[in-house]
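Novice: If it helps, the file is called final_38.cif and holds mmCIF, C-alpha atoms:
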```cif
data_work
#
loop_
_atom_site.group_PDB
_atom_site.id
_atom_site.type_symbol
_atom_site.label_atom_id
_atom_site.label_comp_id
_atom_site.auth_asym_id
_atom_site.auth_seq_id
_atom_site.Cartn_x
_atom_site.Cartn_y
_atom_site.Cartn_z
ATOM 1 C CA MET F 1 -57.968 -16.767 -0.869
ATOM 2 C CA ASN F 2 -54.478 -17.638 -2.085
ATOM 3 C CA GLN F 3 -52.361 -14.678 -1.111
ATOM 4 C CA LEU F 4 -48.579 -14.736 -1.506
ATOM 5 C CA LEU F 5 -45.997 -12.958 0.616
ATOM 6 C CA ILE F 6 -42.461 -12.720 -0.812
ATOM 7 C CA LEU F 7 -39.464 -12.010 1.416
ATOM 8 C CA GLY F 8 -37.064 -9.733 -0.446
ATOM 9 C CA ALA F 9 -37.923 -6.826 -2.756
ATOM 10 C CA GLY F 10 -34.694 -6.569 -4.735
ATOM 11 C CA GLY F 11 -34.229 -7.559 -8.365
ATOM 12 C CA HIS F 12 -34.767 -11.255 -7.648
ATOM 13 C CA GLY F 13 -37.896 -10.403 -5.688
ATOM 14 C CA LYS F 14 -39.346 -8.474 -8.618
ATOM 15 C CA VAL F 15 -38.689 -11.355 -11.015
ATOM 16 C CA MET F 16 -40.219 -13.842 -8.587
ATOM 17 C CA ALA F 17 -43.277 -11.655 -8.105
ATOM 18 C CA GLU F 18 -43.787 -11.408 -11.856
ATOM 19 C CA ALA F 19 -43.385 -15.184 -12.228
ATOM 20 C CA ALA F 20 -45.976 -15.729 -9.494
ATOM 21 C CA GLU F 21 -48.256 -13.166 -11.087
ATOM 22 C CA ALA F 22 -47.954 -14.921 -14.462
ATOM 23 C CA GLN F 23 -48.950 -18.217 -12.839
ATOM 24 C CA GLY F 24 -52.360 -16.699 -12.177
ATOM 25 C CA ALA F 25 -52.756 -18.611 -8.916
ATOM 26 C CA TRP F 26 -52.632 -15.662 -6.519
ATOM 27 C CA GLN F 27 -55.343 -13.147 -5.733
ATOM 28 C CA HIS F 28 -52.832 -10.813 -4.121
ATOM 29 C CA ILE F 29 -49.017 -10.568 -3.887
ATOM 30 C CA ALA F 30 -47.047 -8.452 -1.416
ATOM 31 C CA LEU F 31 -43.408 -8.210 -0.381
ATOM 32 C CA LEU F 32 -41.403 -7.761 2.809
ATOM 33 C CA ASP F 33 -38.024 -6.034 2.879
ATOM 34 C CA ASP F 34 -35.969 -4.248 5.502
ATOM 35 C CA ARG F 35 -35.934 -1.228 3.144
ATOM 36 C CA HIS F 36 -39.727 -1.129 3.017
ATOM 37 C CA ALA F 37 -39.935 2.584 3.902
ATOM 38 C CA LEU F 38 -37.920 3.405 0.770
ATOM 39 C CA LEU F 39 -39.389 0.776 -1.557
ATOM 40 C CA ASP F 40 -43.117 0.861 -0.839
ATOM 41 C CA GLY F 41 -44.872 2.676 -3.648
ATOM 42 C CA THR F 42 -42.006 2.167 -6.114
ATOM 43 C CA LEU F 43 -43.076 -1.332 -7.239
ATOM 44 C CA ARG F 44 -46.269 -2.830 -8.635
ATOM 45 C CA TRP F 45 -46.741 -4.697 -5.357
ATOM 46 C CA PRO F 46 -46.879 -3.281 -1.832
ATOM 47 C CA VAL F 47 -43.774 -3.632 0.343
ATOM 48 C CA LEU F 48 -45.448 -3.997 3.698
ATOM 49 C CA ALA F 49 -42.812 -4.217 6.407
ATOM 50 C CA SER F 50 -39.421 -5.609 7.428
ATOM 51 C CA ILE F 51 -38.536 -9.299 7.191
ATOM 52 C CA GLU F 52 -38.702 -9.794 10.957
ATOM 53 C CA ARG F 53 -42.420 -8.951 10.915
ATOM 54 C CA ALA F 54 -43.321 -11.904 8.657
ATOM 55 C CA GLY F 55 -45.218 -13.596 11.492
ATOM 56 C CA HIS F 56 -47.644 -10.681 11.689
ATOM 57 C CA PHE F 57 -49.000 -11.567 8.229
ATOM 58 C CA VAL F 58 -49.550 -15.318 8.587
ATOM 59 C CA SER F 59 -53.302 -14.959 9.113
ATOM 60 C CA GLU F 60 -53.680 -12.822 5.980
ATOM 61 C CA TYR F 61 -51.259 -14.501 3.561
ATOM 62 C CA SER F 62 -51.645 -18.243 3.100
ATOM 63 C CA HIS F 63 -48.363 -18.759 1.259
ATOM 64 C CA ALA F 64 -44.864 -17.268 1.454
ATOM 65 C CA ALA F 65 -41.692 -17.484 -0.647
ATOM 66 C CA VAL F 66 -38.117 -16.270 -0.299
ATOM 67 C CA ALA F 67 -36.358 -14.111 -2.902
ATOM 68 C CA VAL F 68 -32.742 -13.843 -1.803
ATOM 69 C CA GLY F 69 -29.706 -15.173 -3.651
ATOM 70 C CA ASP F 70 -27.727 -16.316 -0.604
ATOM 71 C CA SER F 71 -28.537 -20.016 -0.239
ATOM 72 C CA LYS F 72 -27.924 -20.250 3.519
ATOM 73 C CA ARG F 73 -30.206 -17.320 4.246
ATOM 74 C CA ARG F 74 -32.803 -18.558 1.750
ATOM 75 C CA LEU F 75 -33.057 -21.943 3.456
ATOM 76 C CA GLU F 76 -33.087 -20.379 6.935
ATOM 77 C CA TRP F 77 -35.931 -18.070 5.956
ATOM 78 C CA LEU F 78 -37.875 -20.940 4.384
ATOM 79 C CA ASP F 79 -37.553 -22.816 7.695
ATOM 80 C CA MET F 80 -38.718 -19.716 9.534
ATOM 81 C CA LEU F 81 -41.759 -19.299 7.289
ATOM 82 C CA ALA F 82 -42.743 -22.946 7.596
ATOM 83 C CA GLY F 83 -42.392 -22.688 11.373
ATOM 84 C CA LEU F 84 -44.703 -19.673 11.396
ATOM 85 C CA GLY F 85 -47.374 -21.676 9.581
ATOM 86 C CA PHE F 86 -47.039 -20.423 6.015
ATOM 87 C CA CYS F 87 -47.407 -22.836 3.098
ATOM 88 C CA ILE F 88 -44.281 -22.789 0.917
ATOM 89 C CA PRO F 89 -45.159 -22.953 -2.794
ATOM 90 C CA THR F 90 -43.141 -23.895 -5.840
ATOM 91 C CA LEU F 91 -43.192 -21.061 -8.376
ATOM 92 C CA ILE F 92 -42.959 -21.956 -12.061
ATOM 93 C CA HIS F 93 -43.206 -19.272 -14.736
ATOM 94 C CA PRO F 94 -45.700 -20.361 -17.417
ATOM 95 C CA ALA F 95 -43.032 -19.767 -20.088
ATOM 96 C CA ALA F 96 -40.817 -22.464 -18.480
ATOM 97 C CA TRP F 97 -40.937 -26.160 -19.375
ATOM 98 C CA VAL F 98 -40.979 -28.590 -16.449
ATOM 99 C CA SER F 99 -41.359 -32.276 -17.262
ATOM 100 C CA PRO F 100 -44.333 -34.004 -15.632
ATOM 101 C CA SER F 101 -41.889 -36.598 -14.292
ATOM 102 C CA ALA F 102 -39.589 -34.016 -12.670
ATOM 103 C CA SER F 103 -39.696 -33.608 -8.890
ATOM 104 C CA LEU F 104 -39.554 -30.125 -7.354
ATOM 105 C CA ALA F 105 -39.331 -29.673 -3.597
ATOM 106 C CA GLU F 106 -41.042 -26.821 -1.765
ATOM 107 C CA GLY F 107 -39.669 -23.344 -2.308
ATOM 108 C CA CYS F 108 -38.224 -24.068 -5.760
ATOM 109 C CA VAL F 109 -38.412 -21.365 -8.409
ATOM 110 C CA VAL F 110 -38.224 -21.976 -12.166
ATOM 111 C CA MET F 111 -38.015 -18.769 -14.172
ATOM 112 C CA ALA F 112 -39.117 -17.862 -17.706
ATOM 113 C CA ASN F 113 -37.673 -19.919 -20.585
ATOM 114 C CA ALA F 114 -35.979 -22.350 -18.217
ATOM 115 C CA THR F 115 -36.195 -26.108 -18.817
ATOM 116 C CA VAL F 116 -36.331 -28.991 -16.348
ATOM 117 C CA GLN F 117 -36.345 -32.330 -18.115
ATOM 118 C CA ALA F 118 -37.543 -35.859 -17.362
ATOM 119 C CA ASP F 119 -36.919 -37.303 -13.890
ATOM 120 C CA ALA F 120 -34.827 -34.335 -12.756
ATOM 121 C CA ARG F 121 -35.031 -33.678 -9.009
ATOM 122 C CA LEU F 122 -34.729 -30.188 -7.554
ATOM 123 C CA GLY F 123 -34.029 -29.753 -3.851
ATOM 124 C CA ARG F 124 -35.744 -27.400 -1.456
ATOM 125 C CA GLY F 125 -35.325 -23.709 -2.197
ATOM 126 C CA SER F 126 -33.405 -24.262 -5.430
ATOM 127 C CA ILE F 127 -33.528 -21.769 -8.295
ATOM 128 C CA VAL F 128 -33.458 -22.491 -12.031
ATOM 129 C CA ASN F 129 -33.089 -18.975 -13.334
ATOM 130 C CA THR F 130 -34.014 -17.359 -16.649
ATOM 131 C CA GLY F 131 -33.219 -19.544 -19.674
ATOM 132 C CA ALA F 132 -31.263 -22.145 -17.703
ATOM 133 C CA SER F 133 -31.633 -25.847 -18.492
ATOM 134 C CA VAL F 134 -31.527 -28.936 -16.288
ATOM 135 C CA ASP F 135 -31.548 -32.116 -18.343
ATOM 136 C CA HIS F 136 -32.874 -35.588 -17.592
ATOM 137 C CA ASP F 137 -32.122 -37.396 -14.327
ATOM 138 C CA CYS F 138 -30.206 -34.534 -12.723
ATOM 139 C CA SER F 139 -30.199 -34.362 -8.929
ATOM 140 C CA ILE F 140 -29.997 -30.808 -7.566
ATOM 141 C CA GLY F 141 -29.445 -30.238 -3.849
ATOM 142 C CA ASP F 142 -31.196 -27.856 -1.478
ATOM 143 C CA GLY F 143 -30.512 -24.159 -1.977
ATOM 144 C CA VAL F 144 -28.729 -24.528 -5.319
ATOM 145 C CA HIS F 145 -28.849 -21.503 -7.655
ATOM 146 C CA ILE F 146 -28.530 -22.252 -11.377
ATOM 147 C CA CYS F 147 -28.030 -18.804 -12.873
ATOM 148 C CA PRO F 148 -29.456 -17.462 -16.162
ATOM 149 C CA GLY F 149 -28.371 -19.356 -19.263
ATOM 150 C CA ALA F 150 -26.533 -22.140 -17.419
ATOM 151 C CA SER F 151 -26.850 -25.613 -18.963
ATOM 152 C CA LEU F 152 -26.637 -28.990 -17.257
ATOM 153 C CA GLY F 153 -26.359 -32.237 -19.205
ATOM 154 C CA GLY F 154 -28.162 -35.367 -18.103
ATOM 155 C CA GLU F 155 -27.463 -37.160 -14.817
ATOM 156 C CA VAL F 156 -25.549 -34.269 -13.250
ATOM 157 C CA ILE F 157 -25.483 -34.338 -9.434
ATOM 158 C CA ILE F 158 -25.065 -31.104 -7.450
ATOM 159 C CA GLY F 159 -24.752 -30.899 -3.667
ATOM 160 C CA HIS F 160 -26.434 -28.420 -1.362
ATOM 161 C CA GLY F 161 -25.907 -24.670 -1.577
ATOM 162 C CA SER F 162 -23.882 -24.542 -4.789
ATOM 163 C CA TRP F 163 -23.987 -21.623 -7.210
ATOM 164 C CA LEU F 164 -23.597 -22.081 -10.973
ATOM 165 C CA GLY F 165 -22.783 -18.793 -12.708
ATOM 166 C CA ILE F 166 -24.363 -17.215 -15.766
ATOM 167 C CA GLY F 167 -23.852 -19.175 -18.972
ATOM 168 C CA CYS F 168 -21.776 -21.987 -17.498
ATOM 169 C CA SER F 169 -22.131 -25.532 -18.819
ATOM 170 C CA VAL F 170 -21.803 -28.927 -17.140
ATOM 171 C CA ILE F 171 -21.352 -32.092 -19.188
ATOM 172 C CA GLN F 172 -23.437 -35.180 -18.515
ATOM 173 C CA GLY F 173 -22.759 -37.345 -15.512
ATOM 174 C CA VAL F 174 -20.563 -34.882 -13.603
ATOM 175 C CA ARG F 175 -20.765 -34.634 -9.812
ATOM 176 C CA ILE F 176 -20.461 -31.201 -8.208
ATOM 177 C CA GLY F 177 -20.136 -31.025 -4.437
ATOM 178 C CA SER F 178 -21.845 -28.809 -1.892
ATOM 179 C CA HIS F 179 -21.150 -25.075 -1.538
ATOM 180 C CA VAL F 180 -19.318 -24.931 -4.866
ATOM 181 C CA THR F 181 -19.074 -21.762 -6.963
ATOM 182 C CA VAL F 182 -18.854 -22.221 -10.727
ATOM 183 C CA GLY F 183 -17.802 -19.035 -12.512
ATOM 184 C CA ALA F 184 -19.758 -17.432 -15.336
ATOM 185 C CA GLY F 185 -19.111 -19.103 -18.681
ATOM 186 C CA ALA F 186 -17.125 -21.974 -17.184
ATOM 187 C CA ALA F 187 -17.240 -25.450 -18.746
ATOM 188 C CA VAL F 188 -17.311 -28.215 -16.137
ATOM 189 C CA ILE F 189 -16.055 -31.510 -17.602
ATOM 190 C CA SER F 190 -14.944 -33.356 -14.460
ATOM 191 C CA ASP F 191 -16.122 -33.837 -10.884
ATOM 192 C CA ILE F 192 -15.712 -31.002 -8.362
ATOM 193 C CA GLY F 193 -15.289 -31.483 -4.619
ATOM 194 C CA ASP F 194 -17.069 -29.584 -1.877
ATOM 195 C CA ALA F 195 -16.516 -25.857 -1.241
ATOM 196 C CA MET F 196 -14.433 -25.228 -4.358
ATOM 197 C CA THR F 197 -14.499 -22.252 -6.724
ATOM 198 C CA VAL F 198 -13.856 -23.125 -10.367
ATOM 199 C CA VAL F 199 -13.543 -20.919 -13.441
ATOM 200 C CA GLY F 200 -12.529 -21.179 -17.075
ATOM 201 C CA VAL F 201 -12.752 -23.571 -20.027
ATOM 202 C CA PRO F 202 -12.315 -26.254 -18.922
ATOM 203 C CA ALA F 203 -13.194 -25.286 -15.367
ATOM 204 C CA ARG F 204 -10.312 -25.417 -12.868
ATOM 205 C CA GLY F 205 -10.030 -24.481 -9.229
ATOM 206 C CA ILE F 206 -8.763 -20.995 -8.398
ATOM 207 C CA SER F 207 -5.315 -21.182 -6.851
ATOM 208 C CA ARG F 208 -3.815 -18.661 -4.444
ATOM 209 C CA GLY F 209 -1.709 -17.300 -7.261
ATOM 210 C CA MET F 210 -4.848 -16.302 -9.185
ATOM 211 C CA GLU F 211 -6.566 -14.526 -6.287
#
```
If you took the structure in this file and wrote it as structure tokens, what would it be?
Specialist:
Amino acid sequence: MNQLLILGAGGHGKVMAEAAEAQGAWQHIALLDDRHALLDGTLRWPVLASIERAGHFVSEYSHAAVAVGDSKRRLEWLDMLAGLGFCIPTLIHPAAWVSPSASLAEGCVVMANATVQADARLGRGSIVNTGASVDHDCSIGDGVHICPGASLGGEVIIGHGSWLGIGCSVIQGVRIGSHVTVGAGAAVISDIGDAMTVVGVPARGISRGME
């Protein structure tokens, strides 16, 4: 039986569980969360135990996913789950469009009404959230989170662990480094180096005077 265990029972966990449920591939879905004593019985799915007890469920649940927004923790937990012997699925909501020529690494999540176009490549544990779009030939690094309503033109390259805020836009051909934060509604029209935070239209780095 295909049974799915999701680490994290917050808002993102609920959305992931519903996406997995809509896929119709799982006979049973359950969650783990350190607040399990408070959360169990409040959701449509059981919240069984704390995160650290994931290994106790490997014989019962064939697959496991991670539902946390922090990219470093998400990738660490994916490594942990793989090391414990879980299979790591890619979750795609049936209301999303993913091109047959796109490549999605393990642990990717594509939410409802999102679009991933031809020959796009999504790295391990990346998220294309509700209504976001990734156009043709984009290359998205491991652990990247593309937030709801964000739009990427074709041939955009994004390094590992970057976070693109709600409703931002990135023109075609731009390179965004690793561990970059792009503010909500920003318009990225030029390349961005590693570990920068950019906001505004057009997007510019935040200086000390703006903090």
Novice: Using only C-alpha atoms for the distances, tell me which of F:Leu38, F:Ile176, F:Leu5, F:Ala19 is nearest to Ser62 (chain F).
Specialist: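 Smallest separation from Ser62 (chain F) among the options: F:Leu5.
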Novice: Using all atoms listed in the file, find the one residue out of F:Leu48, F:Ala9, F:Ala184, F:Ala118 that sits nearest to Gly167 (chain F).
Specialist: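 That would be F:Ala184, the residue with the smallest distance to Gly167 (chain F).
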Novice: Enumerate, as a short mmCIF file (atom, residue, chain, number, x, y, z; two decimals) with C-alpha atoms, in the frame of the given file, the residues matched when the PyMOL selection byres ((chain F and resi 12) around 10) is run on the file above.
Specialist:
```
data_model
loop_
_atom_site.label_atom_id
_atom_site.label_comp_id
_atom_site.auth_asym_id
_atom_site.auth_seq_id
_atom_site.Cartn_x
_atom_site.Cartn_y
_atom_site.Cartn_z
CA GLY F 8 -37.06 -9.73 -0.45
CA ALA F 9 -37.92 -6.83 -2.76
CA GLY F 10 -34.69 -6.57 -4.74
CA GLY F 11 -34.23 -7.56 -8.36
CA GLY F 13 -37.90 -10.40 -5.69
CA LYS F 14 -39.35 -8.47 -8.62
CA VAL F 15 -38.69 -11.36 -11.02
CA MET F 16 -40.22 -13.84 -8.59
CA ALA F 17 -43.28 -11.66 -8.10
CA GLU F 18 -43.79 -11.41 -11.86
CA VAL F 66 -38.12 -16.27 -0.30
CA ALA F 67 -36.36 -14.11 -2.90
CA VAL F 68 -32.74 -13.84 -1.80
CA GLY F 69 -29.71 -15.17 -3.65
CA ASN F 129 -33.09 -18.98 -13.33
#
```
Novice: Can you measure CA of Arg124 (chain F) to CA of Leu104 (chain F) for me? One decimal in Å is fine.
Specialist: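 Computing it gives 7.5 Å between the two atoms.
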Novice: Name the residues captured by the PyMOL selection byres ((chain F and resi 135-146) around 8) when it is applied to the shown file; answer as a PyMOL selection string.
Specialist: chain F and resi 69+71-72+74-75+115-129+132-134+147-148+150+152-166+178
Novice: When distances are computed from all atoms listed in the file, which of F:Asp70, F:Glu106, F:Glu21, F:Glu52 shows the smallest separation from Cys87 (chain F)?
Specialist: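 Closest candidate: F:Glu106.
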Novice: For the point (-47.5, -15.8, -18.4) in the file's frame, write as a list in words all residues with an atom no more than 10 Å away, counting only C-alpha atoms.
Specialist: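 Using only C-alpha atoms, the matching residues come out as Glu18, Ala19, Ala20, Glu21, Ala22, Gln23, Gly24, Ile92, His93, Pro94, Ala95, Ala96 and Ala112 of chain F.
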Novice: I'd like the residues picked by the PyMOL selection byres ((chain F and resi 84) around 12) written out as a PyMOL selection string, using the chain letters and numbers from the file.
Specialist: chain F and resi 52-59+61-64+77-83+85-88
